[in-house]
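Structure file run.txt; described as compact mmCIF, C-alpha atoms.
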```txt
# COMPACT_ATOMS: atom_id res chain seq x y z
CA MET A 67 25.06 -0.12 -30.61
CA THR A 68 23.50 -0.68 -27.22
CA PRO A 69 25.90 -2.89 -25.22
CA ARG A 70 23.05 -4.84 -23.64
CA LEU A 71 21.87 -6.00 -27.05
CA HIS A 72 25.26 -6.89 -28.45
CA GLY A 73 24.77 -10.66 -28.22
CA ARG A 74 21.39 -10.73 -29.87
CA ARG A 75 22.36 -8.21 -32.52
CA LEU A 76 25.29 -10.43 -33.36
CA ALA A 77 22.80 -13.27 -33.75
CA LEU A 78 20.95 -11.19 -36.29
CA LEU A 79 23.93 -11.48 -38.64
CA LEU A 80 23.43 -15.23 -38.68
CA LEU A 81 19.74 -15.02 -39.59
CA PRO A 82 18.06 -14.11 -42.88
CA LEU A 83 17.78 -10.38 -43.20
CA LEU A 84 14.03 -10.46 -43.57
CA TRP A 85 11.99 -7.98 -41.63
CA VAL A 86 8.29 -7.75 -40.99
CA SER A 87 7.06 -4.29 -41.90
CA SER A 88 3.85 -2.78 -43.10
CA ALA A 89 4.72 -3.89 -46.59
CA ALA A 90 5.19 -7.49 -45.44
CA ALA A 91 1.55 -8.02 -44.58
CA THR A 92 -0.47 -9.01 -47.63
CA GLU A 93 -3.68 -7.26 -48.48
CA ALA A 94 -5.59 -10.37 -47.43
CA THR A 95 -4.10 -10.43 -43.93
CA PRO A 96 -6.36 -8.60 -41.45
CA LEU A 97 -4.81 -5.80 -39.43
CA TYR A 98 -5.65 -5.04 -35.81
CA THR A 99 -4.79 -2.36 -33.32
CA TYR A 100 -5.43 -2.06 -29.58
CA ARG A 101 -7.33 -0.32 -26.83
CA VAL A 102 -5.59 0.09 -23.47
CA VAL A 103 -7.82 -1.19 -20.65
CA ASN A 104 -5.42 -0.89 -17.69
CA VAL A 105 -1.80 0.04 -17.05
CA TYR A 106 0.28 -1.66 -14.34
CA PRO A 107 3.83 -1.08 -13.07
CA HIS A 108 6.63 -3.22 -14.45
CA ASP A 109 10.23 -3.50 -13.27
CA PRO A 110 12.23 -1.28 -15.68
CA LYS A 111 15.29 -3.44 -15.01
CA ALA A 112 13.55 -6.62 -16.18
CA PHE A 113 14.82 -7.73 -19.58
CA THR A 114 11.59 -9.56 -20.32
CA GLN A 115 11.93 -12.77 -22.30
CA GLY A 116 8.87 -14.74 -21.21
CA LEU A 117 5.56 -13.82 -19.60
CA VAL A 118 2.67 -15.94 -18.30
CA PHE A 119 -0.43 -15.25 -16.20
CA ASP A 120 -1.50 -18.08 -13.89
CA GLY A 121 -3.50 -18.24 -10.67
CA GLY A 122 -3.74 -14.49 -10.23
CA PHE A 123 -0.01 -13.83 -10.67
CA LEU A 124 2.35 -13.02 -13.49
CA TYR A 125 5.31 -15.32 -14.00
CA GLU A 126 8.18 -13.67 -15.82
CA GLY A 127 11.45 -14.91 -17.25
CA THR A 128 14.22 -12.35 -17.78
CA GLY A 129 17.44 -12.48 -19.77
CA LEU A 130 21.01 -11.23 -20.02
CA HIS A 131 24.05 -13.08 -18.71
CA GLY A 132 24.35 -12.57 -14.97
CA GLU A 133 20.87 -11.04 -14.74
CA SER A 134 18.57 -13.86 -15.88
CA THR A 135 15.78 -14.72 -13.47
CA LEU A 136 12.47 -16.46 -12.99
CA ARG A 137 9.93 -14.33 -11.11
CA LYS A 138 6.47 -14.47 -9.60
CA VAL A 139 4.97 -10.98 -9.74
CA GLU A 140 1.89 -9.26 -8.32
CA LEU A 141 -0.08 -7.79 -11.19
CA LYS A 142 -1.38 -4.59 -9.60
CA SER A 143 1.76 -3.59 -7.70
CA GLY A 144 4.46 -5.09 -9.91
CA ARG A 145 6.09 -6.44 -6.74
CA VAL A 146 8.27 -9.53 -7.15
CA VAL A 147 7.10 -12.04 -4.54
CA LYS A 148 9.35 -14.94 -5.55
CA ARG A 149 12.59 -14.98 -7.52
CA PHE A 150 15.11 -17.51 -8.78
CA GLU A 151 18.43 -16.40 -10.28
CA LEU A 152 19.96 -18.45 -13.06
CA PRO A 153 23.70 -19.15 -13.07
CA SER A 154 25.51 -16.37 -14.92
CA ARG A 155 26.46 -18.57 -17.88
CA PHE A 156 22.78 -18.82 -18.87
CA PHE A 157 20.80 -16.23 -20.83
CA GLY A 158 17.19 -16.79 -19.84
CA GLU A 159 14.51 -16.92 -22.53
CA GLY A 160 10.86 -17.95 -22.84
CA ILE A 161 8.78 -19.54 -20.10
CA THR A 162 5.47 -21.36 -19.82
CA VAL A 163 3.39 -22.85 -17.02
CA PHE A 164 2.46 -26.46 -17.75
CA GLY A 165 0.39 -28.03 -15.00
CA GLU A 166 2.27 -27.69 -11.74
CA TYR A 167 5.55 -26.85 -13.42
CA ILE A 168 7.23 -23.81 -14.94
CA ILE A 169 9.52 -24.46 -17.88
CA GLN A 170 12.19 -21.90 -18.76
CA THR A 171 14.45 -22.05 -21.80
CA THR A 172 17.85 -20.46 -22.37
CA TRP A 173 19.12 -18.75 -25.48
CA ARG A 174 22.22 -20.55 -26.78
CA SER A 175 22.97 -23.01 -24.00
CA ASN A 176 20.50 -25.60 -25.35
CA VAL A 177 19.28 -26.23 -21.81
CA ALA A 178 15.83 -25.75 -20.30
CA PHE A 179 14.88 -25.78 -16.62
CA VAL A 180 11.76 -27.33 -15.12
CA TYR A 181 10.67 -25.83 -11.78
CA ASP A 182 8.00 -26.61 -9.24
CA LYS A 183 5.50 -23.79 -9.75
CA ARG A 184 4.91 -23.17 -6.04
CA SER A 185 8.42 -23.42 -4.62
CA PHE A 186 10.56 -22.60 -7.71
CA GLU A 187 12.55 -25.70 -6.78
CA LEU A 188 14.45 -26.99 -9.80
CA ARG A 189 13.09 -30.44 -10.65
CA GLN A 190 14.92 -31.33 -13.84
CA THR A 191 16.63 -30.03 -16.96
CA PHE A 192 16.44 -31.07 -20.59
CA VAL A 193 18.33 -30.22 -23.76
CA TYR A 194 17.27 -29.24 -27.27
CA PRO A 195 19.30 -28.87 -30.48
CA THR A 196 18.55 -25.26 -31.36
CA GLU A 197 18.43 -21.76 -29.97
CA ALA A 198 15.36 -21.00 -27.86
CA TRP A 199 13.53 -17.68 -27.83
CA GLY A 200 9.88 -18.10 -26.86
CA LEU A 201 7.84 -20.89 -25.26
CA THR A 202 4.15 -21.66 -24.82
CA HIS A 203 1.87 -24.71 -25.02
CA ASN A 204 -1.48 -25.75 -26.46
CA GLY A 205 -2.45 -28.10 -23.63
CA ARG A 206 -0.84 -31.10 -25.33
CA HIS A 207 2.53 -29.93 -26.62
CA LEU A 208 5.11 -27.32 -25.76
CA ILE A 209 5.64 -24.85 -28.60
CA LEU A 210 9.14 -23.40 -29.02
CA SER A 211 10.41 -20.53 -31.19
CA ASP A 212 14.08 -20.23 -32.12
CA GLY A 213 14.27 -16.84 -33.82
CA THR A 214 13.47 -18.20 -37.28
CA ALA A 215 10.10 -18.76 -38.98
CA THR A 216 9.91 -22.26 -37.46
CA LEU A 217 7.82 -23.26 -34.45
CA ARG A 218 8.69 -26.62 -32.91
CA TYR A 219 6.22 -28.81 -31.03
CA LEU A 220 7.72 -30.78 -28.15
CA ASP A 221 6.36 -33.66 -26.11
CA PRO A 222 5.97 -32.28 -22.53
CA GLN A 223 7.09 -35.57 -21.00
CA THR A 224 10.11 -36.47 -23.11
CA PHE A 225 10.78 -32.95 -24.50
CA ARG A 226 11.46 -34.48 -27.90
CA GLU A 227 10.32 -32.71 -31.04
CA VAL A 228 7.17 -34.31 -32.43
CA ASP A 229 6.20 -31.77 -35.09
CA ARG A 230 7.04 -28.37 -36.50
CA ILE A 231 5.37 -25.69 -38.58
CA GLU A 232 6.74 -22.92 -40.77
CA VAL A 233 5.05 -19.55 -40.27
CA TYR A 234 4.05 -17.66 -43.43
CA ASP A 235 2.18 -14.50 -44.22
CA GLY A 236 0.88 -15.36 -47.65
CA LYS A 237 4.01 -16.58 -49.46
CA ASN A 238 6.42 -14.75 -47.17
CA PRO A 239 8.11 -16.56 -44.27
CA VAL A 240 7.96 -14.65 -40.98
CA PRO A 241 11.37 -14.84 -39.23
CA HIS A 242 12.41 -13.59 -35.80
CA LEU A 243 9.47 -15.15 -33.98
CA ASN A 244 10.12 -14.43 -30.33
CA GLU A 245 7.91 -14.56 -27.21
CA LEU A 246 4.82 -16.75 -27.62
CA GLU A 247 1.40 -17.13 -26.01
CA PHE A 248 -1.41 -19.55 -26.85
CA VAL A 249 -4.67 -17.59 -26.75
CA ARG A 250 -8.13 -18.90 -27.62
CA GLY A 251 -6.89 -21.51 -30.05
CA GLU A 252 -4.21 -19.45 -31.80
CA ILE A 253 -0.57 -18.62 -31.24
CA LEU A 254 0.37 -15.00 -30.63
CA ALA A 255 4.01 -14.24 -31.38
CA ASN A 256 6.11 -11.14 -30.86
CA VAL A 257 8.26 -10.50 -33.91
CA TRP A 258 11.64 -9.26 -32.75
CA LYS A 259 12.51 -5.64 -33.47
CA THR A 260 8.95 -4.77 -34.51
CA ASP A 261 5.86 -3.44 -32.73
CA ARG A 262 3.76 -6.19 -34.22
CA ILE A 263 2.30 -9.43 -32.91
CA ALA A 264 1.48 -12.20 -35.38
CA ARG A 265 -1.71 -14.21 -34.99
CA ILE A 266 -0.80 -17.71 -36.13
CA ALA A 267 -2.95 -20.74 -36.96
CA PRO A 268 -1.30 -23.53 -34.93
CA GLU A 269 -1.99 -26.30 -37.46
CA SER A 270 -0.82 -24.60 -40.64
CA GLY A 271 1.48 -21.77 -39.52
CA ARG A 272 -0.54 -19.29 -41.55
CA VAL A 273 -0.59 -15.73 -40.21
CA THR A 274 -4.27 -14.88 -39.82
CA GLY A 275 -3.72 -11.31 -38.66
CA TRP A 276 -1.28 -8.67 -37.46
CA ILE A 277 -1.71 -6.71 -34.22
CA ASP A 278 0.05 -3.35 -34.42
CA LEU A 279 1.05 -2.02 -30.99
CA SER A 280 2.84 1.07 -32.27
CA GLY A 281 2.78 3.92 -29.76
CA ILE A 282 1.58 1.91 -26.78
CA LEU A 283 4.61 3.02 -24.74
CA LYS A 284 4.75 6.79 -25.14
CA SER A 285 8.42 7.20 -24.23
CA SER A 286 11.09 4.90 -25.64
CA ARG A 287 13.96 6.37 -23.67
CA GLY A 288 16.03 3.67 -21.96
CA VAL A 289 13.79 0.82 -23.07
CA ASP A 290 14.17 -2.04 -25.47
CA VAL A 291 11.78 -3.85 -27.81
CA LEU A 292 8.23 -5.05 -27.32
CA ASN A 293 8.41 -8.57 -25.88
CA GLY A 294 6.01 -10.26 -23.50
CA ILE A 295 2.47 -11.58 -23.95
CA ALA A 296 0.37 -13.08 -21.16
CA TYR A 297 -3.25 -14.23 -21.16
CA ASP A 298 -5.63 -14.56 -18.22
CA ALA A 299 -8.00 -17.23 -19.55
CA ALA A 300 -10.33 -17.08 -16.56
CA ASN A 301 -11.09 -13.40 -17.10
CA ASP A 302 -10.25 -13.12 -20.82
CA ARG A 303 -7.54 -10.49 -20.26
CA LEU A 304 -4.51 -9.95 -22.48
CA PHE A 305 -1.30 -8.33 -21.18
CA VAL A 306 1.74 -7.05 -23.06
CA THR A 307 5.04 -5.46 -22.10
CA GLY A 308 8.63 -5.17 -23.31
CA LYS A 309 12.26 -5.50 -22.33
CA LEU A 310 13.15 -2.86 -19.71
CA TRP A 311 9.68 -1.34 -19.95
CA PRO A 312 8.36 0.49 -16.85
CA LYS A 313 4.77 -0.47 -17.66
CA LEU A 314 2.67 -3.50 -18.42
CA PHE A 315 -0.53 -3.01 -20.41
CA GLU A 316 -3.85 -4.81 -20.38
CA ILE A 317 -5.31 -4.41 -23.85
CA ASP A 318 -8.27 -5.26 -26.05
CA ILE A 319 -7.59 -6.14 -29.66
CA VAL A 320 -9.73 -4.22 -32.16
CA PRO A 321 -9.82 -4.16 -35.97
CA ALA A 322 -7.71 -1.42 -37.49
CA ALA A 323 -9.54 1.38 -39.23
CA LYS A 324 -9.58 1.05 -43.00
```

Represent the structure from my file as structure tokens, please.
Amino acid sequence: MTPRLHGRRLALLLLPLLWVSSAAATEATPLYTYRVVNVYPHDPKAFTQGLVFDGGFLYEGTGLHGESTLRKVELKSGRVVKRFELPSRFFGEGITVFGEYIIQTTWRSNVAFVYDKRSFELRQTFVYPTEAWGLTHNGRHLILSDGTATLRYLDPQTFREVDRIEVYDGKNPVPHLNELEFVRGEILANVWKTDRIARIAPESGRVTGWIDLSGILKSSRGVDVLNGIAYDAANDRLFVTGKLWPKLFEIDIVPAAK
């Protein structure tokens, strides 16, 4: 057992032992692979939990107790140009940029932080009744994953839950939904402990496709799982990385060969 993953692996014992594998995707669910467009440096000490692209910069939330941060990062160099360290009792999780604010959740503390996007000044906190893993938004609501097959929709002003969807691939629920990104009208979700990203219809929760990123990082030595999706809407660019990965990839999604 890797000591760094002890807490989350313990959490696995409390969740349904359902795993997304090649067999889990139904025949009707389209499969996709990738083409690497560009490769950028990424801090190999960053335990990536949330990733967003906004205004020419990456914003990244990292985890682990005593190491959780919020960062503003130069894409091409990987240099951290702004950084906020969370108190050690918090395990940082997903982030999203909503207007002029950055919202960052925490794993089991049931507390989220709202920062000024420019200064990283903490403006407020709010609480929620579940674990938090990933966070994104659709322009109207925040969308929160909690490690199950459920996605919760929150009001961005009151932070109260206003709706939820259950994510299914055919008749099979898809648990362990992790880092999220809203891309061109659909939700992309890392599925923890797999190399796959689910494409999810935001109204129904139906998985409309699977993106298989197997082999994108050639060496797995010293790294953790795939986790981190960011989208540059202005230039239609998609970025992915993982926990403790030394690289961040810009990719195109292409249909898998039949």

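Residue nearest Asp109 in chain A, chosen from A:Arg137, A:Arg218, A:Arg230, A:Arg303 and counting only C-alpha atoms: A:Arg137.
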
Worksheet item: So which residues touch Thr224 in chain A within 12 Å, counting only C-alpha atoms, skipping near sequence neighbours fewer than 3 positions away, as JSON, numbers by chain?
Response: {"A": [190, 191, 192, 193, 194, 207, 208, 219, 220, 221, 227, 228]}

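If you look at CA of Gln223 in chain A and CA of Gly251 in chain A, they are 21.8 Å away from each other.
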
Fill in: Sel. within 10 Å of pt (-2.2, -4.9, -8.7), counting only C-alpha atoms, output as a PyMOL selection string
chain A and resi 105-107+122-123+139-145

Fill in: Shell of 7 Å around Thr216 in chain A, only C-alpha atoms, local chain residues under 4 positions omitted, as a ChimeraX atom specification
/A:211,230-233

Discussion item. I'd like the contact shell of Tyr100 in chain A - 6 Å cut-off, all atoms listed in the file, skipping same-chain residues fewer than 3 positions apart - returned as a list in words.
Written reply: Asp318, Ile319 and Val320 of chain A

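Among the candidate residues A:Gly158, A:Pro96, A:Gly205, A:Pro153, the one lying nearest to Gly129 in chain A is A:Gly158, with distances computed using only C-alpha atoms.
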
Worksheet entry | Nearby residues (all atoms listed in the file) at most 8 Å from Ala322 in chain A, same-chain spacing under 4 positions excluded, as a ChimeraX atom specification | /A:97-99

Leu210 in chain A surroundings by only C-alpha atoms, 6 Å radius, close-in-sequence under 2 positions cut, as a PDB file with C-alpha atoms, in the frame of the given file:
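Okay, this is what ended up in selection_8.pdb:
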```pdb
ATOM      1  CA  GLY A 200       9.880 -18.100 -26.860  1.00  0.00           C
ATOM      2  CA  LEU A 201       7.840 -20.890 -25.260  1.00  0.00           C
ATOM      3  CA  LEU A 217       7.820 -23.260 -34.450  1.00  0.00           C
ATOM      4  CA  ARG A 218       8.690 -26.620 -32.910  1.00  0.00           C
TER       5      ARG A 218
END
```

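Distance-wise, CA of Val163 in chain A and CA of Val118 in chain A end up 7.1 Å apart.
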
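With only C-alpha atoms as the atoms that count, the minimum distance from Phe150 in chain A to the choices A:Val177, A:Ile169, A:Ala300, A:Leu188 is reached by A:Leu188.
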
Worksheet entry | Shortest interatomic distance to Trp199 in chain A - which of A:Ala112, A:Val146, A:Val273, A:Ala255, counting all atoms listed in the file | A:Ala255

Worksheet entry | Gap from CA of Ala323 in chain A to CA of Trp311 in chain A - Å, one decimal | 27.4 Å

Item to complete: Would you list the residues near (9.6, -22.2, -19.4), meaning any protein, DNA or RNA residue with an atom at most 8 Å from that point in file coordinates, counting only C-alpha atoms, as a ChimeraX atom specification?
Response: /A:116,127,159-163,168-171,178-180,201-202

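Here the question is which of A:Arg189, A:His108, A:Arg155, A:Arg149 gets nearest to Leu130 in chain A using only C-alpha atoms, and that residue is A:Arg155.
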
Discussion item. Considering all atoms listed in the file, can you say which of A:Gly236, A:Pro222, A:Gly294, A:Gly121 comes closest to Ile263 in chain A?
Written reply: A:Gly294
